[in-house]
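Notes to accompany the following structure.
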Amino acid sequence: LFAGAADFIWAATSLKNLPPMDKVEIAFAGRSNVGKSSLVNALTGRNTLARTSHTPGRTQQLNFFDIGGHFHLVDMPGYGYAAVEKQKVQAWTKLIHDYLRGRASLARVYVLIDSRHGIKPLDAAVLDGLDQAAVSYQIVLTKGDELKEGEIEKCIADTAQKIAKRAAAFPEIMPTSSRSGSGIPELRAGIAKLLHE
Ligand code: GTP
Ligand code: MG
């Protein structure tokens, strides 16, 4: 599935300029700096496909990538603190919420959570929106390389408990590290399974 080309095809700054819904879309959402763009690069094996930065607020539009003509990955701006003007953050936060709740071609959202921090109130608000709109989502823990083995297990257990009663949550939590590559094959397999359902 990920063996072919991966190409940037579209950037959207408002709901009015989204691309045509001709492919299934899989979106990556999460707080600013959680590692969304890095995960897109790790999945596609293309280190410079999505732009990354240690400064929160790097991705400022919905960026669509065509994966081998099979489906589209959507790298989103982050919510929460970003090192840019408040107005910009407010505008893209609204765009994220509107896109996530109202896109017919959106098959799944991967909600990224920093494994050092777990689910915070701002994340919970996004999960509430997805539950209400019945948009299927799965939690991906990022930056697992920063934790010790036992700490990852604890974060998985805590997070599983927090999403247990959520209507649209996929029960399995995926631990990953874009840096070490751990969990990336499993995430690819999950996407392949989703597309073949
Ligand atoms: P915004 O676009 O600003 O919302 O950020 P983002 O969620 O796209 O994060 P990005 O991929 O740009 O990564 C943010 C920072 O986290 C960068 O400094 C990355 O190098 C770092 N980072 C990303 N993934 C990992 C990881 O798996 N492990 C570690 N240790 N750092 C990571
Ligand atoms: Mg980004």
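Residues are referred to by chain and number: the chain letter is A, B, ... according to the order shown in the structure tokens, the number counts from 1 in that chain, and ligands are numbered separately from 1 in the order shown.
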Open item on the list: Show me which residues line ligand 2, defined as having an atom within 8 Å of a ligand atom where only C-alpha atoms and all ligand atoms count, and present them as a VMD selection string.
Closed with: chain A and resid 32 to 33 35 to 38 50 to 53 57 to 60 75 to 78
- [ ] Please identify which residues in segment 31-79 of chain A DSSP calls strand (DSSP E) from the backbone, and express them as a list in words.
- [x]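 Taking segment 31-79 of chain A and keeping strand (DSSP E) gives Leu62, Asn63, Phe64, Phe65, Asp66, Ile67, Phe71, His72, Leu73, Val74 and Asp75 of chain A.
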Save the residues we just selected, C-alpha atoms, as a compact mmCIF listing (two decimals), in the first residue's frame?
# COMPACT_ATOMS: atom_id res chain seq x y z
CA LEU A 62 -4.92 20.91 5.79
CA ASN A 63 -2.27 19.21 3.65
CA PHE A 64 -3.45 16.34 1.46
CA PHE A 65 -1.07 13.63 0.25
CA ASP A 66 -1.92 11.04 -2.38
CA ILE A 67 -0.59 7.62 -1.40
CA PHE A 71 -6.10 7.02 -0.69
CA HIS A 72 -5.31 10.43 0.77
CA LEU A 73 -3.51 11.18 4.02
CA VAL A 74 -4.41 14.51 5.60
CA ASP A 75 -1.83 16.26 7.79
- [ ] Find the residues near Ile163 of chain A: any atom within 10 Å, counting only C-alpha atoms, skip ones fewer than 2 places away on the same chain, and give them as a PyMOL selection string.
- [x] chain A and resi 119+124+127+138-139+158-161+165-173
Selection to disk with C-alpha atoms, as an mmCIF file, in the first residue's frame:
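As a result, part_2.cif now contains:
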data_model
loop_
_atom_site.group_PDB
_atom_site.id
_atom_site.type_symbol
_atom_site.label_atom_id
_atom_site.label_comp_id
_atom_site.auth_asym_id
_atom_site.auth_seq_id
_atom_site.Cartn_x
_atom_site.Cartn_y
_atom_site.Cartn_z
ATOM 1 C CA ILE A 119 -5.116 12.725 27.057
ATOM 2 C CA ALA A 124 -10.941 15.234 25.201
ATOM 3 C CA LEU A 127 -12.774 13.317 21.018
ATOM 4 C CA GLN A 138 -8.120 5.626 16.843
ATOM 5 C CA ILE A 139 -5.632 6.898 19.421
ATOM 6 C CA ASP A 158 -4.495 4.834 31.310
ATOM 7 C CA THR A 159 -5.522 5.948 27.839
ATOM 8 C CA ALA A 160 -7.556 2.787 27.208
ATOM 9 C CA GLN A 161 -9.473 3.444 30.389
ATOM 10 C CA LYS A 165 -16.876 4.514 27.105
ATOM 11 C CA ARG A 166 -16.385 6.649 24.006
ATOM 12 C CA ALA A 167 -18.806 5.783 21.205
ATOM 13 C CA ALA A 168 -16.641 6.241 18.111
ATOM 14 C CA ALA A 169 -13.268 5.195 19.554
ATOM 15 C CA PHE A 170 -11.458 2.189 18.136
ATOM 16 C CA PRO A 171 -10.534 0.238 21.293
ATOM 17 C CA GLU A 172 -6.909 -0.516 20.402
ATOM 18 C CA ILE A 173 -4.299 2.118 21.321
#
Task: Exercise: Ala83 of chain A partners within 7 Å, only C-alpha atoms, chain neighbours under 2 positions left out, as JSON, numbers by chain - done: {"A": [55, 56, 57, 81]}
Could you save the residues just selected, with N, CA and C atoms, as an mmCIF file, in the first residue's frame?
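The resulting file, out-v8.cif, is shown below:
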data_model
loop_
_atom_site.group_PDB
_atom_site.id
_atom_site.type_symbol
_atom_site.label_atom_id
_atom_site.label_comp_id
_atom_site.auth_asym_id
_atom_site.auth_seq_id
_atom_site.Cartn_x
_atom_site.Cartn_y
_atom_site.Cartn_z
ATOM 1 N N THR A 55 9.191 23.856 16.590
ATOM 2 C CA THR A 55 8.341 24.964 17.029
ATOM 3 C C THR A 55 6.872 24.631 16.774
ATOM 4 N N PRO A 56 6.011 24.635 17.807
ATOM 5 C CA PRO A 56 4.588 24.315 17.614
ATOM 6 C C PRO A 56 3.925 25.314 16.669
ATOM 7 N N GLY A 57 3.136 24.822 15.738
ATOM 8 C CA GLY A 57 2.463 25.705 14.787
ATOM 9 C C GLY A 57 3.083 25.640 13.406
ATOM 10 N N TYR A 81 -1.537 25.292 22.074
ATOM 11 C CA TYR A 81 -0.544 26.347 21.936
ATOM 12 C C TYR A 81 0.226 26.240 20.623
#
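Distance annotation: of A:Pro19, A:Gly129, A:Pro175, A:Gly30, the residue with the minimal separation from ligand 1 is A:Gly30; atom set is only C-alpha atoms and all ligand atoms.
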Just asking: which residues within segment 73-195 of chain A are alpha helix (DSSP H) according to DSSP, as a tab-separated table (two decimals) with C-alpha atoms, in the first residue's frame?
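Final output, saved to selection-v2.tsv:
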chain	number	residue	atom	x	y	z
A	86	LYS	CA	-3.94	33.86	18.09
A	87	GLN	CA	-6.24	34.71	15.18
A	88	LYS	CA	-4.49	32.21	12.94
A	89	VAL	CA	-4.79	29.49	15.55
A	90	GLN	CA	-8.50	30.25	16.04
A	91	ALA	CA	-9.11	30.10	12.29
A	92	TRP	CA	-7.37	26.78	11.79
A	93	THR	CA	-8.90	25.28	14.94
A	94	LYS	CA	-12.34	26.01	13.51
A	95	LEU	CA	-11.26	24.52	10.17
A	96	ILE	CA	-10.05	21.34	11.92
A	97	HIS	CA	-13.32	20.91	13.82
A	98	ASP	CA	-15.49	21.62	10.76
A	99	TYR	CA	-13.48	19.29	8.51
A	100	LEU	CA	-13.42	16.45	11.04
A	101	ARG	CA	-17.14	16.53	11.64
A	102	GLY	CA	-18.44	17.16	8.15
A	121	PRO	CA	-8.80	18.39	28.30
A	122	LEU	CA	-8.19	19.88	24.84
A	123	ASP	CA	-7.81	16.38	23.40
A	124	ALA	CA	-10.94	15.23	25.20
A	125	ALA	CA	-12.88	18.10	23.57
A	126	VAL	CA	-11.82	16.89	20.12
A	127	LEU	CA	-12.77	13.32	21.02
A	128	ASP	CA	-16.18	14.61	22.19
A	129	GLY	CA	-16.71	16.21	18.77
A	130	LEU	CA	-15.76	12.98	16.96
A	131	ASP	CA	-18.03	10.89	19.21
A	132	GLN	CA	-20.95	13.25	18.60
A	133	ALA	CA	-20.42	13.23	14.83
A	149	GLU	CA	9.06	0.25	28.46
A	150	GLY	CA	6.97	0.13	31.62
A	151	GLU	CA	5.93	3.76	31.20
A	152	ILE	CA	4.53	3.06	27.74
A	153	GLU	CA	2.46	0.16	29.08
A	154	LYS	CA	1.08	2.43	31.80
A	155	CYS	CA	0.21	5.16	29.31
A	156	ILE	CA	-1.58	2.61	27.09
A	157	ALA	CA	-3.59	1.32	30.07
A	158	ASP	CA	-4.50	4.83	31.31
A	159	THR	CA	-5.52	5.95	27.84
A	160	ALA	CA	-7.56	2.79	27.21
A	161	GLN	CA	-9.47	3.44	30.39
A	162	LYS	CA	-10.16	7.04	29.35
A	163	ILE	CA	-11.64	6.07	25.98
A	184	ILE	CA	4.93	2.19	12.16
A	185	PRO	CA	4.41	-1.22	10.45
A	186	GLU	CA	1.42	-1.84	12.73
A	187	LEU	CA	-0.07	1.54	11.83
A	188	ARG	CA	0.42	0.81	8.11
A	189	ALA	CA	-1.29	-2.55	8.59
A	190	GLY	CA	-4.21	-0.88	10.35
A	191	ILE	CA	-4.68	1.51	7.44
A	192	ALA	CA	-4.48	-1.36	4.92
A	193	LYS	CA	-7.13	-3.27	6.86
A	194	LEU	CA	-9.40	-0.24	7.01
A	195	LEU	CA	-9.15	0.31	3.27
Task: Straight-line distance linking atom 12 (O, counted along the ligand's line) of ligand 1 with atom CA of Ala134 of chain A, stated in Å to one decimal - done: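 Those two atoms sit 28.0 Å apart.
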- [ ] Please provide the set of residues having any atom within 7 Å of Asp114 of chain A, restricted to only C-alpha atoms, with same-chain residues fewer than 3 positions apart removed, written as JSON, numbers by chain.
- [x] {"A": [34, 117, 118, 141, 142, 143]}
TODO: Rank nothing, just name the residue among A:Asp22, A:Asp145, A:Glu197, A:Glu85 nearest to ligand 1, using only C-alpha atoms and all ligand atoms.
DONE: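 For ligand 1, the nearest of the given residues is A:Asp145.
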